Amino acid sequence: MSALETVYQANTQTEPAMIELKGISKEFVKPSGDVHSVLQGINLQIPKGEFVSIVGPTGCGKSTTLSLIAGFEPPTQGKVYISGQKLEGTNQRAACVFQTENAFPWKTVMDNVSLGLRLRGKNKAEANDEARKWIARVGLKDFEGHYPSQLSGGMRKRVALAQCLIVQPEILLMDEPFSALDVHTRHLMEDELLRIWEETSASVFFITHDLEEAIALSDRVIVLTAGPGARVKGDYRIDLPRPRNVAEISFDPAFMRIHQQIWQDLRDEVIISYENANKFSS
Amino acid sequence: MSALETVYQANTQTEPAMIELKGISKEFVKPSGDVHSVLQGINLQIPKGEFVSIVGPTGCGKSTTLSLIAGFEPPTQGKVYISGQKLEGTNQRAACVFQTENAFPWKTVMDNVSLGLRLRGKNKAEANDEARKWIARVGLKDFEGHYPSQLSGGMRKRVALAQCLIVQPEILLMDEPFSALDVHTRHLMEDELLRIWEETSASVFFITHDLEEAIALSDRVIVLTAGPGARVKGDYRIDLPRPRNVAEISFDPAFMRIHQQIWQDLRDEVIISYENANKFSS
Amino acid sequence: APSSSSNNSSTTKPRVVIMVGGLEKIIYMPFMLAQQLGYYDKYGVNVSLVEESAGQDAEVAMLAGQTDGAGGFYDHTLDLATKGKQVEAVVTMADVPGETLMVSNRLKDKVKTISDLKGLKIGITGLGSSTNMLATYNVVKGGGKESDYSPIPVGAGATLIAAMKNGKIDAAVTSEPTASILQNQDIAYTLVDMNHKAAAHQALGGGYASTSLYMTNDYVNAHKDTVQKLVDAYVATLKWMSTHTPEQIAAKMPSDYYAGNQSLYVQALKGQLSMFTTDGKMPAGVPQNVQKILSSFKPAVKKVDLSKTYTNEFVDKANQ
Amino acid sequence: MKMQINSVVSPASREVVSRKAELKREALKLRARNLSLQLAVFVVLTGSWQFLSSNKIIDPFFFSSPFDIVKHIWTWAVNGTTAGPLWLQFWVTFEETILSFILGGVFGIIFGYALGVNELLSVILGPYIKMINAIPRVVLVPIFILWFGLGMPSKVASGLVLTFFIVFFNAFQGVREVDRNLVNNARLLGASKGQLARHVIIPSALTWILSSLHSSFGFALIGAVVGEFIGATHGLGYLIAQSQGAFDTTGVFAGMLILSVTALIADWGVSKLEKRFIAWRYVRK
Amino acid sequence: MKMQINSVVSPASREVVSRKAELKREALKLRARNLSLQLAVFVVLTGSWQFLSSNKIIDPFFFSSPFDIVKHIWTWAVNGTTAGPLWLQFWVTFEETILSFILGGVFGIIFGYALGVNELLSVILGPYIKMINAIPRVVLVPIFILWFGLGMPSKVASGLVLTFFIVFFNAFQGVREVDRNLVNNARLLGASKGQLARHVIIPSALTWILSSLHSSFGFALIGAVVGEFIGATHGLGYLIAQSQGAFDTTGVFAGMLILSVTALIADWGVSKLEKRFIAWRYVRK
Ligand SMILES: Nc1ncnc2c1ncn2[C@@H]1O[C@H](COP(=O)(O)OP(=O)(O)OP(=O)(O)O)[C@@H](O)[C@H]1O
Ligand SMILES: Nc1ncnc2c1ncn2[C@@H]1O[C@H](COP(=O)(O)OP(=O)(O)OP(=O)(O)O)[C@@H](O)[C@H]1O
Ligand SMILES: [Mg+2]
Ligand SMILES: [Mg+2]
């Protein structure tokens, strides 16, 4: 579809990719009873330790893709493989920051953040000590005893972030984790995320609607086409050197060039998406 | 506090301001039983037809301020006046896009959007016709029969937007309405919002964490200090000519200057906020 | 002889609602039998029989004016009189209680006379019921006080039998067929027979009017004509009963009343038929005896004006 | 118009049709599995009951047997009962039940709503409602007979006082669970009190209310039957009381079986209602 | 540590203290208003009852009067009842009630949880539970006496079969209402089945369960009392049945009053429990 498309070839023939989507389609039954096709023929490989961002027009199917990888829902067609094994049920090797808030309303910030460790059998004191560190990292030190309903939107998002990062999963699924944050806090969090990622070499599947963020953080940026029936439109390797300073990288000329290139693709799709939605008038 | 502070003087002595906050403080009781002061001594006047944006570090009290103007909660001290009248209970002249989604899950997109008109006594057919227009404007023409749970995050936000705009209120309260949208859709929506605002001359109270967005849209940008006990730090008049093209205005040198100026203020506060949160270690 | 008004057309038949404390019980058999024999129709009343199976509610419903008459034990009229409510028995269908005081075989050696009843747990159908009063009477007569035994409401039938079997109760005042079953299954033996006339009269020191139809005095005075017809029907029923065999009577009853086990029903009937009067009349001396029995543990009953608790006026006419 | 989209961007509509058929087939298969499982459990239960009873391992006098029970119902159906044809008994009880179910439901919802919305009302009336809820209905029935007579109204009242409380407590809680944000939003959009109830509070509390209806139909039945124990000329309660008085265990079980099946059918109806009214909850599978 | 913050950035702690005292004062004022309102309603109700009854406008034989009822309770308390001291009767019934409440609650929650989580189980057992729920408990009591004897177990069983269903239906629905996202999140975080129940499903269903406990204590009381109507030697149900048998309306009302007050006290306990267990719901006023 796009002349600029650059297909990235995974060079990890030796071991199976951490995440592999093979011929994935996802359909929903619409209220009218018709079938609404969201994703169509998605093939994607994410090797271990790679940071992949996914961008695309709103409503194209990014969150749906994430829920397939997390194993919340099965694909209509095709298969999801995790380390070469077919995924059945919830993906036990992943942790996830949801697009909507997903902190447990009946747990305090402390209990929310320490939950993952507690579930893995750590005793309370240890888990709390560890959680305290993470709460500080996301800048909520003073709110340990608060319930989610007593926090602001941005604070709740950061609780979710700490909750997810504390378990240091092999696969990190993040659905617009920073969209509710101001630029500065966002940069702090992004830096934090990169540091953690570099330490743990998790495979990251990162959804954002901010192309700059996608490029600044990722090894690869994937562009989805407009729905219905979204496909992978572009798959770009971001070869900027690491470690990166996310606050400043956007002034790098290489960054601008890549941005320009991907933006072409993305803008086309966004426009198609908007037109699509309003094309079929009744 | 800031040397750059420029205090804007309302020149509407003749008629009372649409929204006036007088000596507003807001406190919450913390889980520990202590009192947590969120806002402290806020004074603010928003004349009729003015577009005011409010920025500040995450968790500083923006949403809280909005809920005071909407009348969801009473202030602990001080008073809110709407057109010179003391506000009691819900503000009947306002409509609101909430930070968290607030579409009614048991209503389809059509019913959600037409609700405001139906509540005001319009008959079903008329309300639906009108709603159809607004659904198209936010680019959801094909999803009229869907329930909110069947939409993506960005789509739900747009439903909320249409739901709120359709009633053409005198006061528009918007809490990060565009944060879940990709840049292009966001620009489309912003343009749409400006057009509607110019048509209806509503007073807009617009919360965002994106300073560029704030400047591009507003007549005035207000910066809050870091919490706890947030105050108004800066109040800037944006004298850029209208109508504005939000997608391009950020390249305007005047824009950049203003941005630079406000950003100084804002950054300081964000940094304070982050330090504050982690200062008092246990 | 049937009264003259028996050939009234059915359209003008007065309607009477009678609530009975267990229509299917043998002791209340005449109420249903009269209907089965068509006597209500014949004597010109339109009776609707209402079932009532829990406690003393039949009387209360009647007092509240929801029913016109109640089928129950005569002793309740005295009880109500002490509470300031005047009701009178217009027909007395039985002059023995039709109950038997059975004692568990476990206590065969210990309990020989009623003076041994002290301290026992005695099963009754319900608190305040006639079985309760009879149990109390026997304990008191044996030299004890009302509080010397524990009355345990266990209903009748299966629950009573099970309670007796499990030793939860030591004795029970019960009617047929439960008494027969207890005896046949070797669970209990008869201590006091208050079912067969001779034995009952001896045990109770005279007659003890039980099954009767009573109505408020106000109702009786205001509807003499209707009451007469009603009494005519019952007297005829009692006559019919005294001239037919248990088998013939059983055949007349609805099959649900002996569902699946007609022979048991006939056996029970045989045991209890003797309790019924043949003329519906309150025998002389019986009210006084009932009063004496009740007042042995309910002093208030002593003051009751007996003449207001029953009347033979209608029965006498019906028997003419 | 929606078909158009499919034909433009979705897979060919032939595929769509086949996919839909497949979904249907799967649903049917699931249904069949469930039915056969239910049947299997049923057969095992009644089979062993019959076996134990036939072989006198349990005393048929106390426990009857499935076969006898069915036979008893059959006899009732064919020969009629002492109180008239079986369907009439059923109908009488059913009518009372439905009435008390509806009235209890309506009052429960109204009171639950009123007390849930109005704190003052809940402070004043709350304790009384809780107190009345502790009074045995069996004791209340005679009082109802005093007030309403022997006819249907007293039975309906007796069913109503069971149904009411269950629906009330759930409706009350349901109303209090409504998302404050949604209420705020509706208020801002101009909702009056009545509109707020109609558009926000009732729909949101509907899961609570409908859930209470599941259990309350059973209770309405019980109320009607208990009402019939005391002072009735017809109805299933009458039949049961009579059988109990006649030491006819089979008759008691037969009556209870008819009650149970009625409740099951009504529950199916409530489920349908549920699917209809809270359709939006079922869209995301 | 939290005080520190206040002293640095919040208004002076003296002001904080005064503000807290003010909040407390307001809460007290509200409490006083509520109490006086409740009292007023109570006085009006009992006053008019007493008036109507004293003047024979309503027949005291049927309706008794508040004064007589209180006097009756007093007599019971001072002179004891036929079955022993009043507190013993109360205690017997209370014990049975509490036991059946707890057992019914526990079983209700366990079954509700199991069937809510496991679709297969709900398909198989669901219909049976619904069927049993339609059986009049009054009919079941004799059966319980057959099985469990005349002692406490049969009364507990009779209370249990009322409590169980109410808790069951609510727990079942509560479990099914749990936010899918939260379940998914917990699963990803590594929750096993038991942990899922403990950390997500039960806390989320707790409002449902606690709401059902409000009504079910009343029902547990009823069950115990109905059980005591048949085959008991002690208990409030025994007293009520006895009074009923002796045409003593005042005694019946006296028994019911004691029951009602017990229910009220228990409800207050459940509310405390509620405040404690779902504290997080109360933080945002
Ligand atoms: N349960 C459902 N039933 C029907 N359609 C659904 C359902 N869930 C999602 N969809 C549709 O799937 C499409 C993609 O949704 P998804 O949430 O994946 O979008 P997204 O790319 O994450 O968008 P956003 O950037 O707005 O979050 C949307 O058009 C939505 O309407
Ligand atoms: N019910 C409550 N109880 C206690 N504290 C609360 C409560 N509601 C809000 N707060 C506190 O008020 C502060 C301001 O919250 P608010 O939601 O107004 O922030 P915000 O400026 O909108 O932030 P964001 O940009 O993240 O949305 C936060 O520190 C929060 O913890
Ligand atoms: Mg999404
Ligand atoms: Mg906010």
# chains A, B, ... in the order shown; residues from 1 in each chain; ligands from 1
call {"tool": "residues_near_ligand", "arguments": {"ligand": "ligand 4", "cutoff": "9 Å", "atoms": "only C-alpha atoms and all ligand atoms", "output": "JSON, numbers by chain"}}
result
{"A": [151, 152, 153, 154, 155, 180], "B": [58, 59, 60, 61, 62, 63, 64, 66, 98, 99, 100, 175, 176, 207, 208]}
call {"tool": "interface_residues", "arguments": {"of": "chain E", "to": "chain D", "cutoff": "8 Å", "atoms": "only C-alpha atoms", "output": "ChimeraX atom specification"}}
result
/E:34,37-38,41,120,123-124,127,130-138,165-166,169-170,173,211-212,214-215,217-219,221-223,225-226,256,259-261,263-264,267
call {"tool": "residues_around", "arguments": {"residues": "Pro151 in chain C", "least_positions_apart": "2", "cutoff": "8 Å", "atoms": "only C-alpha atoms", "output": "ChimeraX atom specification"}}
result
/C:121-124,127,132,135,149,153 /E:233
call {"tool": "closest_atom_pairs", "arguments": {"of": "chain C", "to": "chain D", "cutoff": "7 Å", "atoms": "only C-alpha atoms", "output": "CSV"}}
result
residue,atom,partner,partner_atom,distance
C:Met19,CA,D:Gly231,CA,6.8
C:Gly22,CA,D:Gly245,CA,6.7
C:Glu24,CA,D:Ala246,CA,6.0
C:Lys25,CA,D:Gly245,CA,6.5
C:Leu49,CA,D:Thr233,CA,6.7
C:Val50,CA,D:Thr233,CA,5.1
C:Glu51,CA,D:Gly231,CA,5.1
C:Glu52,CA,D:Ile230,CA,4.4
C:Ser53,CA,D:Ile230,CA,5.9
C:Ala54,CA,D:Ile230,CA,6.5
C:Asp57,CA,D:Pro142,CA,6.3
C:Ala61,CA,D:Leu146,CA,6.4
C:Ala64,CA,D:Leu146,CA,5.8
C:Gln66,CA,D:Gly149,CA,5.4
C:Gly157,CA,D:Phe247,CA,5.9
C:Ala158,CA,D:Phe62,CA,6.7
C:Pro254,CA,D:Thr82,CA,6.0
C:Asp256,CA,D:Thr82,CA,6.7
C:Tyr257,CA,D:Ala246,CA,5.5
C:Tyr258,CA,D:Ala246,CA,6.5
C:Ala259,CA,D:Asp248,CA,6.2
call {"tool": "closest_residue", "arguments": {"among": "C:Thr237, C:Gln183, C:Gln288, C:Thr131", "to": "Thr309 in chain C", "atoms": "only C-alpha atoms"}}
result
C:Gln288
call {"tool": "closest_residue", "arguments": {"among": "A:Asn102, A:Asn43, A:Thr200, A:Thr65", "to": "ligand 3", "atoms": "only C-alpha atoms and all ligand atoms"}}
result
A:Thr65
call {"tool": "residues_around", "arguments": {"residues": "Trp263 in chain A", "least_positions_apart": "3", "cutoff": "12 Å", "atoms": "only C-alpha atoms", "output": "short mmCIF file (atom, residue, chain, number, x, y, z; two decimals) with N, CA and C atoms, in the first residue's frame"}}
result
data_model
loop_
_atom_site.label_atom_id
_atom_site.label_comp_id
_atom_site.auth_asym_id
_atom_site.auth_seq_id
_atom_site.Cartn_x
_atom_site.Cartn_y
_atom_site.Cartn_z
N SER A 2 1.87 1.24 0.83
CA SER A 2 2.72 2.42 0.88
C SER A 2 4.04 2.08 0.21
N LEU A 4 6.74 3.45 0.75
CA LEU A 4 7.85 3.63 1.68
C LEU A 4 8.06 2.44 2.61
N GLU A 5 7.21 1.50 2.48
CA GLU A 5 7.22 0.39 3.44
C GLU A 5 8.59 -0.30 3.52
N VAL A 55 1.76 1.97 16.31
CA VAL A 55 0.95 3.18 16.15
C VAL A 55 -0.09 2.94 15.07
N GLY A 56 -1.08 3.78 15.06
CA GLY A 56 -2.14 3.63 14.06
C GLY A 56 -3.30 4.51 14.44
N PRO A 57 -4.19 4.73 13.50
CA PRO A 57 -5.32 5.61 13.79
C PRO A 57 -6.14 5.08 14.95
N HIS A 209 -0.23 6.75 20.82
CA HIS A 209 -0.70 7.53 19.67
C HIS A 209 0.25 8.69 19.41
N ASP A 210 1.36 8.65 20.10
CA ASP A 210 2.34 9.73 19.96
C ASP A 210 3.55 9.17 19.23
N LEU A 211 3.67 9.55 17.98
CA LEU A 211 4.72 8.97 17.15
C LEU A 211 6.10 9.32 17.70
N GLU A 212 6.27 10.52 18.23
CA GLU A 212 7.57 10.90 18.78
C GLU A 212 7.96 9.96 19.91
N ALA A 214 6.91 6.96 20.33
CA ALA A 214 7.18 5.64 19.75
C ALA A 214 8.62 5.56 19.26
N ILE A 215 9.02 6.56 18.51
CA ILE A 215 10.36 6.53 17.93
C ILE A 215 11.43 6.67 19.01
N VAL A 221 9.14 0.43 15.06
CA VAL A 221 7.82 1.03 15.11
C VAL A 221 6.96 0.37 14.05
N ILE A 222 5.79 -0.10 14.47
CA ILE A 222 4.89 -0.75 13.51
C ILE A 222 3.68 0.13 13.31
N VAL A 223 3.33 0.32 12.04
CA VAL A 223 2.16 1.14 11.73
C VAL A 223 1.04 0.23 11.26
N GLY A 234 3.39 -0.65 7.92
CA GLY A 234 4.81 -0.41 7.85
C GLY A 234 5.50 -0.97 9.08
N TYR A 236 9.18 -0.34 10.82
CA TYR A 236 10.39 0.47 10.71
C TYR A 236 11.38 0.16 11.82
N PHE A 255 16.44 11.41 14.03
CA PHE A 255 15.10 11.23 14.58
C PHE A 255 14.07 11.89 13.67
N MET A 256 14.39 13.14 13.29
CA MET A 256 13.43 13.88 12.48
C MET A 256 13.19 13.20 11.15
N ARG A 257 14.24 12.65 10.60
CA ARG A 257 14.09 11.99 9.31
C ARG A 257 13.16 10.78 9.45
N ILE A 258 13.44 9.96 10.44
CA ILE A 258 12.60 8.78 10.65
C ILE A 258 11.16 9.21 10.91
N HIS A 259 11.03 10.23 11.74
CA HIS A 259 9.70 10.72 12.08
C HIS A 259 8.94 11.09 10.83
N GLN A 260 9.61 11.87 9.98
CA GLN A 260 9.02 12.34 8.74
C GLN A 260 8.50 11.16 7.92
N LEU A 266 1.55 7.08 8.53
CA LEU A 266 0.55 7.15 9.58
C LEU A 266 -0.55 8.13 9.20
N ARG A 267 -0.13 9.31 8.67
CA ARG A 267 -1.12 10.34 8.38
C ARG A 267 -2.11 9.84 7.34
N ASP A 268 -1.57 9.17 6.31
CA ASP A 268 -2.45 8.61 5.30
C ASP A 268 -3.52 7.76 5.94
N GLU A 269 -3.07 6.89 6.85
CA GLU A 269 -4.01 5.95 7.45
C GLU A 269 -5.05 6.66 8.31
N VAL A 270 -4.57 7.65 9.05
CA VAL A 270 -5.49 8.39 9.91
C VAL A 270 -6.56 9.04 9.07
N ILE A 271 -6.13 9.61 7.95
CA ILE A 271 -7.11 10.28 7.09
C ILE A 271 -8.09 9.27 6.51
N ASP B 182 -4.94 10.13 18.53
CA ASP B 182 -3.72 10.35 17.78
C ASP B 182 -3.69 11.79 17.27
N VAL B 183 -2.52 12.25 16.90
CA VAL B 183 -2.33 13.66 16.59
C VAL B 183 -3.32 14.17 15.55
N HIS B 184 -3.50 13.40 14.52
CA HIS B 184 -4.35 13.88 13.44
C HIS B 184 -5.80 14.03 13.89
#
